[in-house]
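Structure file entry11.pdb; described as PDB, C-alpha atoms, pLDDT in the B column.
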```
ATOM      1  CA  MET O  29     112.500 -29.674  72.437  1.00 48.00           C
ATOM      2  CA  ALA O  30     115.548 -31.888  72.709  1.00 65.00           C
ATOM      3  CA  SER O  31     116.977 -32.921  69.346  1.00 66.00           C
ATOM      4  CA  ALA O  32     116.860 -36.522  70.536  1.00 66.00           C
ATOM      5  CA  LEU O  33     113.060 -36.202  70.434  1.00 71.00           C
ATOM      6  CA  GLN O  34     112.719 -34.384  67.099  1.00 79.00           C
ATOM      7  CA  ASN O  35     114.966 -34.434  64.052  1.00 87.00           C
ATOM      8  CA  LEU O  36     116.490 -30.992  63.418  1.00 86.00           C
ATOM      9  CA  SER O  37     115.991 -31.427  59.670  1.00 88.00           C
ATOM     10  CA  SER O  38     112.279 -32.276  59.860  1.00 89.00           C
ATOM     11  CA  TYR O  39     109.835 -29.411  59.476  1.00 92.00           C
ATOM     12  CA  ASP O  40     106.533 -28.358  57.961  1.00 90.00           C
ATOM     13  CA  SER O  41     106.962 -25.719  55.251  1.00 90.00           C
ATOM     14  CA  THR O  42     103.251 -24.985  55.026  1.00 90.00           C
ATOM     15  CA  GLY O  43     102.794 -21.265  55.268  1.00 91.00           C
ATOM     16  CA  PHE O  44     106.342 -20.311  54.311  1.00 96.00           C
ATOM     17  CA  ILE O  45     106.474 -16.897  52.669  1.00 96.00           C
ATOM     18  CA  ASP O  46     108.110 -16.132  49.324  1.00 97.00           C
ATOM     19  CA  ILE O  47     111.789 -15.539  50.144  1.00 98.00           C
ATOM     20  CA  SER O  48     112.988 -15.015  46.575  1.00 98.00           C
ATOM     21  CA  GLU O  49     113.754 -11.339  47.242  1.00 98.00           C
ATOM     22  CA  LYS O  50     114.945 -11.749  50.844  1.00 98.00           C
ATOM     23  CA  ARG O  51     118.586 -11.335  51.776  1.00 98.00           C
ATOM     24  CA  PHE O  52     120.205 -13.642  54.317  1.00 98.00           C
ATOM     25  CA  GLY O  53     123.476 -13.289  56.175  1.00 98.00           C
ATOM     26  CA  LEU O  54     125.171 -16.442  57.415  1.00 98.00           C
ATOM     27  CA  VAL O  55     127.706 -15.907  60.183  1.00 98.00           C
ATOM     28  CA  VAL O  56     129.740 -19.078  60.611  1.00 98.00           C
ATOM     29  CA  ALA O  57     132.326 -19.774  63.314  1.00 98.00           C
ATOM     30  CA  GLU O  58     135.640 -21.171  62.071  1.00 98.00           C
ATOM     31  CA  TRP O  59     136.279 -23.050  65.350  1.00 96.00           C
ATOM     32  CA  ASN O  60     135.208 -26.680  64.751  1.00 96.00           C
ATOM     33  CA  ARG O  61     135.237 -25.815  61.046  1.00 97.00           C
ATOM     34  CA  GLU O  62     134.288 -29.240  59.658  1.00 97.00           C
ATOM     35  CA  LEU O  63     131.157 -29.162  61.770  1.00 98.00           C
ATOM     36  CA  THR O  64     130.281 -25.524  61.085  1.00 98.00           C
ATOM     37  CA  ASP O  65     130.809 -25.975  57.344  1.00 98.00           C
ATOM     38  CA  THR O  66     128.281 -28.812  57.479  1.00 98.00           C
ATOM     39  CA  LEU O  67     125.830 -26.607  59.386  1.00 98.00           C
ATOM     40  CA  SER O  68     126.375 -23.802  56.893  1.00 98.00           C
ATOM     41  CA  GLY O  69     125.772 -26.153  53.981  1.00 98.00           C
ATOM     42  CA  GLY O  70     122.509 -27.294  55.533  1.00 98.00           C
ATOM     43  CA  ALA O  71     121.328 -23.715  56.030  1.00 98.00           C
ATOM     44  CA  TYR O  72     122.372 -22.653  52.522  1.00 98.00           C
ATOM     45  CA  GLU O  73     120.682 -25.590  50.798  1.00 98.00           C
ATOM     46  CA  THR O  74     117.509 -25.091  52.830  1.00 98.00           C
ATOM     47  CA  LEU O  75     117.305 -21.423  51.858  1.00 98.00           C
ATOM     48  CA  LEU O  76     117.784 -22.327  48.189  1.00 98.00           C
ATOM     49  CA  LYS O  77     115.197 -25.105  48.433  1.00 98.00           C
ATOM     50  CA  HIS O  78     112.607 -22.583  49.587  1.00 98.00           C
ATOM     51  CA  GLY O  79     113.330 -19.959  46.964  1.00 98.00           C
ATOM     52  CA  ALA O  80     116.249 -17.816  48.118  1.00 98.00           C
ATOM     53  CA  LYS O  81     118.576 -16.719  45.339  1.00 98.00           C
ATOM     54  CA  PRO O  82     122.257 -17.616  45.713  1.00 98.00           C
ATOM     55  CA  GLU O  83     123.230 -13.979  45.196  1.00 98.00           C
ATOM     56  CA  ASN O  84     121.064 -13.038  48.202  1.00 98.00           C
ATOM     57  CA  ILE O  85     122.864 -15.344  50.642  1.00 98.00           C
ATOM     58  CA  PHE O  86     126.028 -13.900  52.167  1.00 98.00           C
ATOM     59  CA  ARG O  87     128.370 -16.222  54.099  1.00 98.00           C
ATOM     60  CA  ASN O  88     130.798 -14.609  56.507  1.00 97.00           C
ATOM     61  CA  THR O  89     133.156 -16.269  58.956  1.00 98.00           C
ATOM     62  CA  VAL O  90     134.249 -15.304  62.437  1.00 98.00           C
ATOM     63  CA  PRO O  91     137.032 -16.965  64.471  1.00 98.00           C
ATOM     64  CA  GLY O  92     134.794 -18.699  67.025  1.00 97.00           C
ATOM     65  CA  SER O  93     131.306 -18.869  68.445  1.00 97.00           C
ATOM     66  CA  PHE O  94     131.943 -15.990  70.847  1.00 96.00           C
ATOM     67  CA  GLU O  95     132.413 -13.680  67.850  1.00 98.00           C
ATOM     68  CA  LEU O  96     129.054 -14.612  66.295  1.00 98.00           C
ATOM     69  CA  THR O  97     127.424 -11.695  68.115  1.00 98.00           C
ATOM     70  CA  LEU O  98     129.557  -8.979  66.557  1.00 98.00           C
ATOM     71  CA  GLY O  99     129.380 -10.673  63.162  1.00 98.00           C
ATOM     72  CA  ALA O 100     125.590 -10.702  63.435  1.00 98.00           C
ATOM     73  CA  GLN O 101     125.507  -7.045  64.400  1.00 98.00           C
ATOM     74  CA  LEU O 102     127.744  -6.021  61.495  1.00 98.00           C
ATOM     75  CA  LEU O 103     125.312  -7.682  59.077  1.00 98.00           C
ATOM     76  CA  ALA O 104     122.042  -6.809  60.825  1.00 98.00           C
ATOM     77  CA  GLN O 105     122.821  -3.087  60.817  1.00 98.00           C
ATOM     78  CA  HIS O 106     122.302  -3.008  57.043  1.00 97.00           C
ATOM     79  CA  ASP O 107     118.701  -2.230  56.089  1.00 97.00           C
ATOM     80  CA  GLU O 108     118.862  -4.500  53.053  1.00 97.00           C
ATOM     81  CA  MET O 109     119.664  -7.554  55.237  1.00 98.00           C
ATOM     82  CA  ASP O 110     116.424  -9.353  56.109  1.00 98.00           C
ATOM     83  CA  ALA O 111     117.685 -12.080  58.455  1.00 98.00           C
ATOM     84  CA  VAL O 112     120.953 -13.237  59.994  1.00 98.00           C
ATOM     85  CA  ILE O 113     121.659 -16.895  60.743  1.00 98.00           C
ATOM     86  CA  CYS O 114     124.492 -17.592  63.193  1.00 98.00           C
ATOM     87  CA  LEU O 115     126.119 -21.024  63.216  1.00 98.00           C
ATOM     88  CA  GLY O 116     128.680 -22.391  65.625  1.00 98.00           C
ATOM     89  CA  VAL O 117     129.633 -25.398  67.707  1.00 97.00           C
ATOM     90  CA  VAL O 118     130.618 -25.366  71.372  1.00 96.00           C
ATOM     91  CA  ILE O 119     131.689 -28.689  72.871  1.00 95.00           C
ATOM     92  CA  LYS O 120     132.010 -29.010  76.619  1.00 92.00           C
ATOM     93  CA  GLY O 121     135.582 -29.446  77.734  1.00 82.00           C
ATOM     94  CA  ASP O 122     137.417 -29.788  81.012  1.00 82.00           C
ATOM     95  CA  THR O 123     136.538 -26.242  82.076  1.00 82.00           C
ATOM     96  CA  LYS O 124     133.309 -24.228  82.201  1.00 82.00           C
ATOM     97  CA  HIS O 125     134.208 -22.127  79.144  1.00 83.00           C
ATOM     98  CA  ASP O 126     131.206 -23.520  77.293  1.00 83.00           C
ATOM     99  CA  ASP O 127     128.788 -22.057  79.849  1.00 86.00           C
ATOM    100  CA  TYR O 128     130.267 -18.588  79.466  1.00 91.00           C
ATOM    101  CA  ILE O 129     130.411 -18.702  75.682  1.00 93.00           C
ATOM    102  CA  CYS O 130     126.899 -20.077  75.198  1.00 94.00           C
ATOM    103  CA  HIS O 131     125.351 -17.609  77.626  1.00 95.00           C
ATOM    104  CA  ALA O 132     127.166 -14.643  76.056  1.00 96.00           C
ATOM    105  CA  VAL O 133     126.192 -15.671  72.517  1.00 97.00           C
ATOM    106  CA  ALA O 134     122.548 -16.251  73.441  1.00 97.00           C
ATOM    107  CA  GLN O 135     122.324 -12.863  75.172  1.00 97.00           C
ATOM    108  CA  GLY O 136     124.229 -11.104  72.415  1.00 98.00           C
ATOM    109  CA  LEU O 137     122.207 -12.485  69.528  1.00 98.00           C
ATOM    110  CA  THR O 138     118.954 -11.715  71.324  1.00 98.00           C
ATOM    111  CA  THR O 139     120.117  -8.129  71.824  1.00 98.00           C
ATOM    112  CA  VAL O 140     121.125  -7.740  68.168  1.00 98.00           C
ATOM    113  CA  GLY O 141     117.780  -9.050  66.931  1.00 98.00           C
ATOM    114  CA  LEU O 142     115.873  -6.687  69.193  1.00 98.00           C
ATOM    115  CA  LYS O 143     118.121  -3.729  68.347  1.00 98.00           C
ATOM    116  CA  TYR O 144     117.633  -4.112  64.589  1.00 98.00           C
ATOM    117  CA  ASN O 145     114.114  -5.575  64.709  1.00 98.00           C
ATOM    118  CA  LYS O 146     114.927  -8.509  62.457  1.00 98.00           C
ATOM    119  CA  PRO O 147     115.470 -12.244  62.848  1.00 98.00           C
ATOM    120  CA  VAL O 148     118.894 -13.115  64.246  1.00 98.00           C
ATOM    121  CA  ILE O 149     118.911 -16.878  64.575  1.00 98.00           C
ATOM    122  CA  PHE O 150     120.784 -18.813  67.263  1.00 97.00           C
ATOM    123  CA  GLY O 151     122.160 -21.825  65.388  1.00 97.00           C
ATOM    124  CA  LEU O 152     124.636 -22.874  68.035  1.00 97.00           C
ATOM    125  CA  VAL O 153     125.223 -26.583  68.618  1.00 96.00           C
ATOM    126  CA  THR O 154     126.086 -27.071  72.286  1.00 95.00           C
ATOM    127  CA  THR O 155     127.080 -30.592  73.245  1.00 95.00           C
ATOM    128  CA  ASN O 156     129.088 -32.612  75.700  1.00 94.00           C
ATOM    129  CA  THR O 157     131.038 -34.568  73.080  1.00 95.00           C
ATOM    130  CA  LEU O 158     132.270 -34.392  69.491  1.00 96.00           C
ATOM    131  CA  GLU O 159     130.056 -37.366  68.634  1.00 96.00           C
ATOM    132  CA  GLN O 160     126.968 -35.500  69.853  1.00 96.00           C
ATOM    133  CA  ALA O 161     127.988 -32.509  67.740  1.00 96.00           C
ATOM    134  CA  TRP O 162     128.198 -34.659  64.594  1.00 96.00           C
ATOM    135  CA  ASP O 163     124.796 -36.140  65.448  1.00 95.00           C
ATOM    136  CA  ARG O 164     123.424 -32.568  65.176  1.00 95.00           C
ATOM    137  CA  ALA O 165     125.453 -31.594  62.111  1.00 95.00           C
ATOM    138  CA  GLY O 166     123.783 -33.932  59.670  1.00 91.00           C
ATOM    139  CA  GLY O 167     123.898 -37.110  61.745  1.00 92.00           C
ATOM    140  CA  GLN O 168     121.166 -39.041  63.492  1.00 92.00           C
ATOM    141  CA  HIS O 169     119.499 -35.909  64.901  1.00 93.00           C
ATOM    142  CA  GLY O 170     119.520 -33.953  61.635  1.00 93.00           C
ATOM    143  CA  ASN O 171     121.274 -30.675  60.870  1.00 96.00           C
ATOM    144  CA  LYS O 172     121.010 -27.621  63.130  1.00 97.00           C
ATOM    145  CA  GLY O 173     121.809 -25.467  60.093  1.00 97.00           C
ATOM    146  CA  VAL O 174     118.602 -26.638  58.431  1.00 97.00           C
ATOM    147  CA  GLU O 175     116.652 -25.838  61.589  1.00 97.00           C
ATOM    148  CA  ALA O 176     118.223 -22.369  61.771  1.00 98.00           C
ATOM    149  CA  ALA O 177     117.339 -21.563  58.142  1.00 98.00           C
ATOM    150  CA  VAL O 178     113.776 -22.735  58.709  1.00 98.00           C
ATOM    151  CA  ALA O 179     113.540 -20.521  61.813  1.00 98.00           C
ATOM    152  CA  ALA O 180     114.708 -17.523  59.756  1.00 98.00           C
ATOM    153  CA  ILE O 181     112.063 -18.177  57.085  1.00 98.00           C
ATOM    154  CA  GLN O 182     109.352 -18.630  59.703  1.00 97.00           C
ATOM    155  CA  MET O 183     110.292 -15.422  61.504  1.00 97.00           C
ATOM    156  CA  LEU O 184     110.281 -13.441  58.267  1.00 98.00           C
ATOM    157  CA  GLY O 185     106.687 -14.583  57.830  1.00 96.00           C
ATOM    158  CA  PHE O 186     105.673 -13.563  61.346  1.00 93.00           C
TER     159      PHE O 186
END
```

For this file, write the structure as structure tokens.
Amino acid sequence: MASALQNLSSYDSTGFIDISEKRFGLVVAEWNRELTDTLSGGAYETLLKHGAKPENIFRNTVPGSFELTLGAQLLAQHDEMDAVICLGVVIKGDTKHDDYICHAVAQGLTTVGLKYNKPVIFGLVTTNTLEQAWDRAGGQHGNKGVEAAVAAIQMLGF
């Protein structure tokens, strides 16, 4: 559903499992750092709100969104890691680079999740403008980081 139709930070926590002993890896792109730090903060706070322990949340950075896939794989390969949440921002520019990056990241994260049989969450904001990105990083459409953390919790309860 388009974020213009549903706030990314609105969700129903009914049925959430106990995540107090779960371990979460956050993989955060440094490109568009102000935005990705906001997404990461939203994910972190959401995990804490629902019972995750701070010592069980591991934040790692990668240079850009393209590198989220390898970062996810490096975390997911560890048996003690229960879910990996990947956060990045890709803003359309004058070229089609965004199409290539977004497609590669979507394919890569899907492959990692299937390979390690654990939730690997696609928390990539993909917009046409910087303003739209801020709208999805805590602005009028909520925070994609919150949505990604909620998806991880829901998938752990699947």

Near stretch 48-58 of chain O, within 6 Å and counting only C-alpha atoms, which residues show up once chain neighbours fewer than 5 positions away are dropped, as a list in words?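 Counting only C-alpha atoms, the residues come to Gly79, Ala80, Lys81, Asn84, Ile85, Phe86, Arg87, Asn88, Thr89, Val90, Pro91, Gly92, Ser93, Met109, Asp110, Ala111, Val112, Ile113, Cys114, Leu115 and Gly116 of chain O.
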
I need the output of the PyMOL selection byres ((chain O and resi 36-42) around 6) for this file as a PyMOL selection string; which residues are they? chain O and resi 35+43-44+169-172+174-175

Once 8 Å is added on each side, what centre and edge lengths in Å to one decimal does the axis-aligned box around all listed atoms of stretch 123-139 of chain O have, as JSON?
```
{"center_x": 127.7, "center_y": -17.2, "center_z": 75.9, "size_x": 33.6, "size_y": 34.1, "size_z": 28.7}
```

For each of O:Gly173, O:Gly99, O:Pro82, O:Gly185, take the minimum atom-to-atom distance to O:Leu67, counting all atoms listed in the file, then give the residue where this is smallest.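 So, comparing all the options, the nearest one is O:Gly173.
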
Exercise: residues within 10 Å of coordinate (111.5, -16.0, 57.8), counting only C-alpha atoms, as a PyMOL selection string: chain O and resi 44-47+50+52+75+110-111+146-147+177-186

To one decimal place in Å, what is the distance between atom CA of O:Tyr128 and atom CA of O:Ala161?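 Computing the Euclidean distance for atom CA of O:Tyr128 and atom CA of O:Ala161 yields 18.3 Å.
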
Measuring between all atoms listed in the file, which one of O:Gly141, O:Gly121, O:Gly151, O:Gly166 shows the shortest distance to O:Leu98? O:Gly141

Using only C-alpha atoms for the distances, tell me which of O:Leu142, O:Val118, O:Val148, O:Ala165 is nearest to O:Asn60.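 Smallest separation from O:Asn60 among the options: O:Val118.
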
Which is closest to O:Phe94 among O:Gln168, O:Gln135, O:Thr157, O:Asn145, if we use only C-alpha atoms?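 Of the candidates, the smallest distance to O:Phe94 is held by O:Gln135.
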